[in-house]
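Shown next: model_23.pdb, containing PDB, C-alpha atoms.
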ATOM      1  CA  MET A 913       0.000   0.000   0.000
ATOM      2  CA  LYS A 914       1.317   3.382  -0.950
ATOM      3  CA  ASN A 915       1.576   6.045   1.702
ATOM      4  CA  ASP A 916      -0.636   8.533  -0.118
ATOM      5  CA  PHE A 917      -2.863   9.836   2.636
ATOM      6  CA  THR A 918      -4.224  13.345   2.602
ATOM      7  CA  ALA A 919      -4.238  15.545   5.695
ATOM      8  CA  GLU A 920      -7.943  14.721   6.022
ATOM      9  CA  ASP A 921      -7.180  10.970   5.838
ATOM     10  CA  ARG A 922      -4.596  11.310   8.564
ATOM     11  CA  LYS A 923      -7.016  13.280  10.716
ATOM     12  CA  LYS A 924      -9.652  10.541  10.368
ATOM     13  CA  ILE A 925      -7.077   7.854  11.145
ATOM     14  CA  GLU A 926      -5.936   9.666  14.290
ATOM     15  CA  GLU A 927      -9.504  10.274  15.436
ATOM     16  CA  GLY A 928     -10.335   6.607  14.926
ATOM     17  CA  ILE A 929      -7.338   5.464  16.944
ATOM     18  CA  ARG A 930      -7.860   7.993  19.733
ATOM     19  CA  GLY A 931     -11.562   7.132  19.957
ATOM     20  CA  LYS A 932     -10.937   3.416  20.212
ATOM     21  CA  TYR A 933      -8.116   3.665  22.724
ATOM     22  CA  ALA A 934      -9.989   6.089  24.956
ATOM     23  CA  LYS A 935     -12.338   3.131  25.524
ATOM     24  CA  VAL A 936      -9.504   0.613  25.813
ATOM     25  CA  ALA A 937      -7.916   2.755  28.527
ATOM     26  CA  VAL A 938     -10.996   2.226  30.691
ATOM     27  CA  ASN A 939     -11.148  -1.531  30.109
ATOM     28  CA  PRO A 940      -9.933  -3.506  27.072
ATOM     29  CA  GLU A 941     -12.129  -6.525  27.828
ATOM     30  CA  GLY A 942     -14.437  -7.301  24.912
ATOM     31  CA  LEU A 943     -12.874  -4.736  22.578
ATOM     32  CA  PHE A 944     -10.511  -7.160  20.829
ATOM     33  CA  SER A 945     -10.939 -10.531  19.145
ATOM     34  CA  TYR A 946      -8.221 -12.078  21.311
ATOM     35  CA  PRO A 947      -7.788 -12.380  25.066
ATOM     36  CA  THR A 948      -6.708  -9.289  26.979
ATOM     37  CA  GLY A 949      -5.578  -8.707  30.553
ATOM     38  CA  ARG A 950      -4.133 -11.594  32.542
ATOM     39  CA  ALA A 951      -5.711 -14.164  30.192
ATOM     40  CA  GLY A 952      -3.840 -12.623  27.260
ATOM     41  CA  LEU A 953      -0.550 -12.537  29.129
ATOM     42  CA  ASP A 954      -0.924 -16.189  30.118
ATOM     43  CA  ALA A 955      -1.862 -17.253  26.575
ATOM     44  CA  LEU A 956       1.227 -15.473  25.211
ATOM     45  CA  LYS A 957       3.389 -17.267  27.794
ATOM     46  CA  TYR A 958       4.699 -14.233  29.643
ATOM     47  CA  ASP A 959       6.970 -15.271  32.504
ATOM     48  CA  PRO A 960       4.651 -15.848  35.485
ATOM     49  CA  ASP A 961       7.399 -14.967  37.954
ATOM     50  CA  ILE A 962       7.808 -11.508  36.422
ATOM     51  CA  LEU A 963       4.038 -11.040  36.099
ATOM     52  CA  ARG A 964       3.784 -11.549  39.859
ATOM     53  CA  SER A 965       5.802  -8.358  40.318
ATOM     54  CA  LEU A 966       2.893  -6.276  38.998
ATOM     55  CA  PRO A 967      -0.525  -5.784  40.604
ATOM     56  CA  ASP A 968      -3.529  -7.503  39.004
ATOM     57  CA  THR A 969      -5.198  -4.143  38.377
ATOM     58  CA  ALA A 970      -2.282  -3.111  36.157
ATOM     59  CA  LEU A 971      -2.237  -6.424  34.291
ATOM     60  CA  GLU A 972      -5.936  -5.989  33.413
ATOM     61  CA  SER A 973      -5.011  -3.237  30.963
ATOM     62  CA  PHE A 974      -2.856  -5.521  28.774
ATOM     63  CA  CYS A 975      -4.030  -5.725  25.147
ATOM     64  CA  GLY A 976      -0.869  -6.751  23.288
ATOM     65  CA  VAL A 977      -0.877  -9.018  20.227
ATOM     66  CA  GLY A 978       2.298 -10.919  21.056
ATOM     67  CA  ASN A 979       5.102 -11.292  23.568
ATOM     68  CA  PRO A 980       8.110  -9.193  22.475
ATOM     69  CA  PHE A 981      10.180 -10.629  25.326
ATOM     70  CA  SER A 982       9.925 -14.063  23.706
ATOM     71  CA  LEU A 983      12.314 -12.658  21.067
ATOM     72  CA  GLY A 984      15.126 -11.930  23.498
ATOM     73  CA  GLU A 985      15.938 -10.862  27.014
ATOM     74  CA  ILE A 986      16.127  -7.388  28.464
ATOM     75  CA  HIS A 987      19.437  -7.246  30.297
ATOM     76  CA  GLU A 988      20.123  -5.505  33.574
ATOM     77  CA  GLY A 989      20.977  -1.857  33.115
ATOM     78  CA  GLU A 990      19.572  -1.529  29.593
ATOM     79  CA  SER A 991      17.532   1.394  28.309
ATOM     80  CA  VAL A 992      14.257   0.429  26.641
ATOM     81  CA  LEU A 993      11.673   2.318  24.600
ATOM     82  CA  ASP A 994       8.135   0.903  24.375
ATOM     83  CA  ILE A 995       6.313   2.356  21.357
ATOM     84  CA  GLY A 996       2.546   2.376  21.805
ATOM     85  CA  CYS A 997       2.824   1.414  25.450
ATOM     86  CA  GLY A 998      -0.916   1.355  26.104
ATOM     87  CA  GLY A 999      -1.535   0.713  29.787
ATOM     88  CA  GLY A1000       2.189   0.252  30.300
ATOM     89  CA  VAL A1001       2.322  -3.454  31.140
ATOM     90  CA  ASP A1002       5.201  -4.294  28.762
ATOM     91  CA  SER A1003       7.047  -1.139  29.882
ATOM     92  CA  MET A1004       6.788  -2.113  33.524
ATOM     93  CA  LEU A1005       7.805  -5.703  32.822
ATOM     94  CA  ALA A1006      10.822  -4.410  30.870
ATOM     95  CA  ALA A1007      11.673  -2.142  33.811
ATOM     96  CA  THR A1008      11.570  -5.123  36.153
ATOM     97  CA  MET A1009      13.980  -6.995  33.859
ATOM     98  CA  ALA A1010      16.273  -3.977  33.386
ATOM     99  CA  GLY A1011      16.471  -3.417  37.124
ATOM    100  CA  PRO A1012      17.175  -0.174  38.970
ATOM    101  CA  LYS A1013      20.187   0.641  36.770
ATOM    102  CA  GLY A1014      18.033   0.341  33.666
ATOM    103  CA  ARG A1015      15.505   2.795  32.297
ATOM    104  CA  VAL A1016      12.267   2.408  30.361
ATOM    105  CA  VAL A1017      10.203   5.018  28.543
ATOM    106  CA  GLY A1018       6.733   4.210  27.232
ATOM    107  CA  ILE A1019       5.083   6.423  24.636
ATOM    108  CA  ASP A1020       1.563   6.389  23.290
ATOM    109  CA  MET A1021      -0.415   8.760  21.055
ATOM    110  CA  SER A1022      -3.520   8.334  23.248
ATOM    111  CA  SER A1023      -3.548  10.665  26.246
ATOM    112  CA  GLU A1024      -6.042   8.339  27.949
ATOM    113  CA  MET A1025      -3.685   5.379  27.580
ATOM    114  CA  VAL A1026      -0.751   7.388  28.914
ATOM    115  CA  GLU A1027      -2.874   8.376  31.907
ATOM    116  CA  ARG A1028      -3.825   4.733  32.475
ATOM    117  CA  ALA A1029      -0.148   3.737  32.272
ATOM    118  CA  LYS A1030       0.778   6.388  34.836
ATOM    119  CA  ASN A1031      -2.001   5.191  37.138
ATOM    120  CA  ASN A1032      -0.796   1.602  36.767
ATOM    121  CA  LEU A1033       2.758   2.698  37.508
ATOM    122  CA  SER A1034       1.596   4.429  40.681
ATOM    123  CA  LEU A1035       0.447   1.014  41.939
ATOM    124  CA  THR A1036       4.032  -0.286  41.802
ATOM    125  CA  ASN A1037       7.341   0.582  43.411
ATOM    126  CA  LEU A1038       9.118   0.977  40.061
ATOM    127  CA  LYS A1039      11.241   4.127  39.809
ATOM    128  CA  ASN A1040      12.845   3.499  36.428
ATOM    129  CA  VAL A1041       9.826   3.948  34.145
ATOM    130  CA  SER A1042       8.209   7.018  32.668
ATOM    131  CA  PHE A1043       5.354   7.538  30.234
ATOM    132  CA  ARG A1044       4.659  10.324  27.788
ATOM    133  CA  GLU A1045       2.347  11.160  24.922
ATOM    134  CA  SER A1046       4.033  10.964  21.534
ATOM    135  CA  SER A1047       3.587   9.832  17.963
ATOM    136  CA  ALA A1048       5.634   6.891  16.700
ATOM    137  CA  GLU A1049       6.439   8.938  13.598
ATOM    138  CA  ASP A1050       8.266  11.652  15.508
ATOM    139  CA  LEU A1051      10.054  10.269  18.551
ATOM    140  CA  PRO A1052      11.071  12.954  21.084
ATOM    141  CA  PHE A1053      14.480  11.432  21.818
ATOM    142  CA  PRO A1054      18.052  12.045  20.661
ATOM    143  CA  ASP A1055      19.916   9.650  18.377
ATOM    144  CA  HIS A1056      21.347   6.433  19.875
ATOM    145  CA  GLU A1057      19.350   6.677  23.106
ATOM    146  CA  PHE A1058      18.084   3.107  23.631
ATOM    147  CA  ASP A1059      19.504  -0.412  23.748
ATOM    148  CA  VAL A1060      16.167  -1.988  22.914
ATOM    149  CA  VAL A1061      12.906  -0.872  21.326
ATOM    150  CA  ILE A1062       9.797  -2.973  21.905
ATOM    151  CA  SER A1063       6.277  -2.621  20.540
ATOM    152  CA  SER A1064       3.064  -4.637  20.319
ATOM    153  CA  GLY A1065       0.142  -4.103  17.977
ATOM    154  CA  VAL A1066       1.098  -0.586  16.983
ATOM    155  CA  PHE A1067       2.798  -0.349  13.591
ATOM    156  CA  ASN A1068      -0.268  -1.532  11.683
ATOM    157  CA  LEU A1069      -1.931   1.636  12.995
ATOM    158  CA  VAL A1070       0.879   3.935  11.851
ATOM    159  CA  PRO A1071       0.172   5.674   8.513
ATOM    160  CA  ASP A1072       3.823   6.303   7.557
ATOM    161  CA  LYS A1073       5.551   3.068   8.488
ATOM    162  CA  LEU A1074       8.880   3.953   6.864
ATOM    163  CA  LYS A1075       9.097   7.189   8.830
ATOM    164  CA  ALA A1076       8.236   5.442  12.098
ATOM    165  CA  LEU A1077      10.707   2.604  11.491
ATOM    166  CA  GLY A1078      13.339   5.195  10.567
ATOM    167  CA  GLU A1079      12.717   6.812  13.924
ATOM    168  CA  VAL A1080      13.179   3.472  15.711
ATOM    169  CA  PHE A1081      16.447   3.010  13.846
ATOM    170  CA  ARG A1082      17.585   6.528  14.747
ATOM    171  CA  VAL A1083      16.978   6.251  18.501
ATOM    172  CA  LEU A1084      18.556   2.798  18.802
ATOM    173  CA  LYS A1085      22.202   2.589  19.769
ATOM    174  CA  PRO A1086      24.491   0.806  17.302
ATOM    175  CA  GLY A1087      24.029  -2.865  18.149
ATOM    176  CA  GLY A1088      20.543  -2.142  19.480
ATOM    177  CA  ARG A1089      17.662  -4.568  19.109
ATOM    178  CA  PHE A1090      14.106  -4.095  17.899
ATOM    179  CA  MET A1091      11.617  -6.713  19.156
ATOM    180  CA  MET A1092       8.002  -6.308  18.198
ATOM    181  CA  ALA A1093       4.638  -7.945  17.691
ATOM    182  CA  ASP A1094       2.088  -6.675  15.225
ATOM    183  CA  GLN A1095      -0.829  -7.501  12.963
ATOM    184  CA  VAL A1096       0.012  -8.229   9.330
ATOM    185  CA  LEU A1097      -2.328  -8.624   6.414
ATOM    186  CA  SER A1098      -3.001 -12.265   5.577
ATOM    187  CA  GLY A1099      -6.056 -11.904   3.345
ATOM    188  CA  TYR A1100      -7.593  -9.525   0.838
ATOM    189  CA  LEU A1101      -8.079  -5.869   1.750
ATOM    190  CA  SER A1102      -9.170  -3.251  -0.744
ATOM    191  CA  GLU A1103      -6.475  -0.886  -1.970
ATOM    192  CA  ASP A1104      -9.065   1.882  -1.831
ATOM    193  CA  VAL A1105      -7.671   4.508   0.513
ATOM    194  CA  LYS A1106     -11.087   5.717   1.683
ATOM    195  CA  ALA A1107     -12.144   2.199   2.674
ATOM    196  CA  ARG A1108      -8.834   1.629   4.430
ATOM    197  CA  VAL A1109      -9.103   4.849   6.381
ATOM    198  CA  GLU A1110     -12.665   4.039   7.469
ATOM    199  CA  ASN A1111     -11.523   0.669   8.830
ATOM    200  CA  TRP A1112      -8.151   1.792  10.169
ATOM    201  CA  ALA A1113      -8.599   1.162  13.901
ATOM    202  CA  LYS A1114     -11.271  -1.555  13.654
TER     203      LYS A1114
ATOM    204  CA  MET B 842      -7.125  -3.324  10.201
ATOM    205  CA  GLY B 843      -6.991  -0.741   7.427
ATOM    206  CA  GLY B 844      -3.321  -0.026   8.009
ATOM    207  CA  ALA B 845      -2.106  -3.627   8.082
ATOM    208  CA  ILE B 846       0.270  -4.701   5.309
ATOM    209  CA  PRO B 847       1.655  -8.133   4.382
ATOM    210  CA  GLY B 848       4.549  -9.330   6.527
ATOM    211  CA  LYS B 849       6.955  -9.446   3.568
ATOM    212  CA  ASP B 850       6.174  -5.796   2.834
ATOM    213  CA  PHE B 851       6.847  -4.857   6.444
ATOM    214  CA  LEU B 852      10.172  -6.707   6.357
ATOM    215  CA  ALA B 853      11.099  -4.764   3.218
ATOM    216  CA  ILE B 854      10.312  -1.444   4.933
ATOM    217  CA  MET B 855      12.409  -2.468   7.957
ATOM    218  CA  LYS B 856      15.347  -3.082   5.621
ATOM    219  CA  GLN B 857      14.698   0.219   3.854
ATOM    220  CA  ALA B 858      14.802   1.970   7.247
ATOM    221  CA  GLY B 859      18.296   0.584   7.767
ATOM    222  CA  PHE B 860      17.768  -2.501   9.873
ATOM    223  CA  ALA B 861      19.790  -5.690   9.493
ATOM    224  CA  GLU B 862      18.908  -9.241  10.487
ATOM    225  CA  VAL B 863      15.229  -8.544   9.900
ATOM    226  CA  GLU B 864      13.095 -11.566  10.567
ATOM    227  CA  MET B 865       9.432 -12.484  10.909
ATOM    228  CA  VAL B 866       9.886 -15.079  13.609
ATOM    229  CA  SER B 867       6.493 -16.667  14.247
ATOM    230  CA  GLU B 868       2.776 -16.177  14.508
ATOM    231  CA  THR B 869       1.312 -15.316  17.914
ATOM    232  CA  GLY B 870      -2.187 -16.720  17.420
ATOM    233  CA  PHE B 871      -3.666 -13.339  18.372
ATOM    234  CA  ASN B 872      -5.460 -12.291  15.196
ATOM    235  CA  SER B 873      -7.396  -9.036  15.113
ATOM    236  CA  SER B 874      -9.626 -10.038  12.186
ATOM    237  CA  PRO B 875     -10.166 -12.855   9.669
ATOM    238  CA  ILE B 876      -7.684 -11.167   7.299
ATOM    239  CA  THR B 877      -4.967 -10.175   9.759
ATOM    240  CA  LYS B 878      -2.713 -12.220  11.982
ATOM    241  CA  GLY B 879      -0.444 -11.504  14.908
ATOM    242  CA  VAL B 880       3.249 -12.045  14.247
ATOM    243  CA  LEU B 881       6.593 -11.402  15.904
ATOM    244  CA  PHE B 882       9.344  -9.410  14.178
ATOM    245  CA  ARG B 883      12.969  -9.023  15.176
ATOM    246  CA  ALA B 884      15.632  -6.698  13.753
ATOM    247  CA  ALA B 885      18.959  -5.188  14.738
ATOM    248  CA  LYS B 886      20.936  -2.032  14.174
ATOM    249  CA  GLN B 887      24.438  -3.069  13.251
ATOM    250  CA  VAL B 888      27.279  -2.104  15.599
ATOM    251  CA  ASP B 889      29.078  -0.108  12.937
ATOM    252  CA  ASP B 890      25.933   1.772  11.936
ATOM    253  CA  GLN B 891      26.158   5.320  13.267
ATOM    254  CA  VAL B 892      23.076   6.742  11.503
TER     255      VAL B 892
END

Translate this file's structure into structure tokens.
Amino acid sequence: MKNDFTAEDRKKIEEGIRGKYAKVAVNPEGLFSYPTGRAGLDALKYDPDILRSLPDTALESFCGVGNPFSLGEIHEGESVLDIGCGGGVDSMLAATMAGPKGRVVGIDMSSEMVERAKNNLSLTNLKNVSFRESSAEDLPFPDHEFDVVISSGVFNLVPDKLKALGEVFRVLKPGGRFMMADQVLSGYLSEDVKARVENWAK
Amino acid sequence: MGGAIPGKDFLAIMKQAGFAEVEMVSETGFNSSPITKGVLFRAAKQVDDQV
């Protein structure tokens, strides 16, 4: 698919995403076709020992589409960026793995999700995590800032994927790793831009 | 699902962005619709890449 969206298309896409995730921030249950919350984490085989470090209320907000940590470990002391952090579950798990000498930043374009992540964080004793509102296409970080970038279920929602992936590449340190889960197209979808935009966040 | 693209296309964009060792590792079983599927991707920025 070509990246030929008008400003109006982009506005509709952003409104669709923000509208959906304002609801997800309250409770993701029933809003996705796959398990969310603790059931989703268990189905994706997240490490139960690390999950125990977070309160159940925080885990309820999980709505990831895969387990990025199954692709490789987060090492003690590493800096991690979580793009599209949602309720912050993956960010907080990464912070637990990175330990007090590590640092994790979660970003999300939905102010409601960032607020939910901050509320979840307040239920923990973690001091090495922060959350902020930001677009994946314009990361507010200097070059070579992170050892690892993680993400789950986000890049399919990004209109300009090359720009966003270029930003991931820019903020990663040389030798840095990118570990992500996402939705890819496996069947027919119309090339019609209008139809795509209408169904963007569905 | 309007923004989803085939996995091979996403891998190509990762390479275009500069990544090495790009790989679609496996499916997650978490599919958002009948025409999309959850997958895991991995990529690396090479040590000698200063961009």

For chain B, report every residue with an atom at most 6 Å from chain A (counting all atoms listed in the file), formatted as a tab-separated table (two decimals) with C-alpha atoms, in the frame of the given file.
chain	number	residue	atom	x	y	z
B	842	MET	CA	-7.12	-3.32	10.20
B	843	GLY	CA	-6.99	-0.74	7.43
B	844	GLY	CA	-3.32	-0.03	8.01
B	845	ALA	CA	-2.11	-3.63	8.08
B	846	ILE	CA	0.27	-4.70	5.31
B	847	PRO	CA	1.66	-8.13	4.38
B	848	GLY	CA	4.55	-9.33	6.53
B	854	ILE	CA	10.31	-1.44	4.93
B	858	ALA	CA	14.80	1.97	7.25
B	869	THR	CA	1.31	-15.32	17.91
B	871	PHE	CA	-3.67	-13.34	18.37
B	873	SER	CA	-7.40	-9.04	15.11
B	876	ILE	CA	-7.68	-11.17	7.30
B	877	THR	CA	-4.97	-10.18	9.76
B	878	LYS	CA	-2.71	-12.22	11.98
B	879	GLY	CA	-0.44	-11.50	14.91
B	880	VAL	CA	3.25	-12.04	14.25
B	881	LEU	CA	6.59	-11.40	15.90
B	882	PHE	CA	9.34	-9.41	14.18
B	883	ARG	CA	12.97	-9.02	15.18
B	884	ALA	CA	15.63	-6.70	13.75
B	885	ALA	CA	18.96	-5.19	14.74
B	886	LYS	CA	20.94	-2.03	14.17
B	887	GLN	CA	24.44	-3.07	13.25
B	888	VAL	CA	27.28	-2.10	15.60
B	890	ASP	CA	25.93	1.77	11.94

Next item on the list: Take the PyMOL selection byres ((chain A and resi 965) around 12), apply it to the structure above, and return the hits as number ranges by chain.
Entry: A: 959-964, 966-971, 1001, 1004-1009, 1033, 1035-1038

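Relative to CA of Gly1018 (chain A), CA of Ser874 (chain B) is found at 26.4 Å.
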
Taking every listed atom of region 973-979 of chain A and adding 3 Å to each side, what centre and edge lengths in Å (one decimal) does the axis-aligned box have, as lines of an AutoDock Vina configuration file?
center_x = 0.0
center_y = -7.3
center_z = 25.6
size_x = 16.1
size_y = 14.1
size_z = 16.7

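Here CA of Val866 (chain B) and CA of Ile986 (chain A) stand 17.9 Å from one another.
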
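Separating CA of Val936 (chain A) from CA of Met1025 (chain A) is a distance of 7.7 Å.
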
Skipping near chain neighbours, those fewer than 4 positions away, what residues fall within 9 Å of Glu1027 (chain A) using only C-alpha atoms, listed as a short mmCIF file (atom, residue, chain, number, x, y, z; two decimals) with C-alpha atoms, in the coordinates of the input?
data_model
loop_
_atom_site.label_atom_id
_atom_site.label_comp_id
_atom_site.auth_asym_id
_atom_site.auth_seq_id
_atom_site.Cartn_x
_atom_site.Cartn_y
_atom_site.Cartn_z
CA ALA A 937 -7.92 2.76 28.53
CA GLY A 999 -1.54 0.71 29.79
CA SER A 1022 -3.52 8.33 23.25
CA SER A 1023 -3.55 10.66 26.25
CA ASN A 1031 -2.00 5.19 37.14
CA ASN A 1032 -0.80 1.60 36.77
CA PHE A 1043 5.35 7.54 30.23
CA ARG A 1044 4.66 10.32 27.79
#
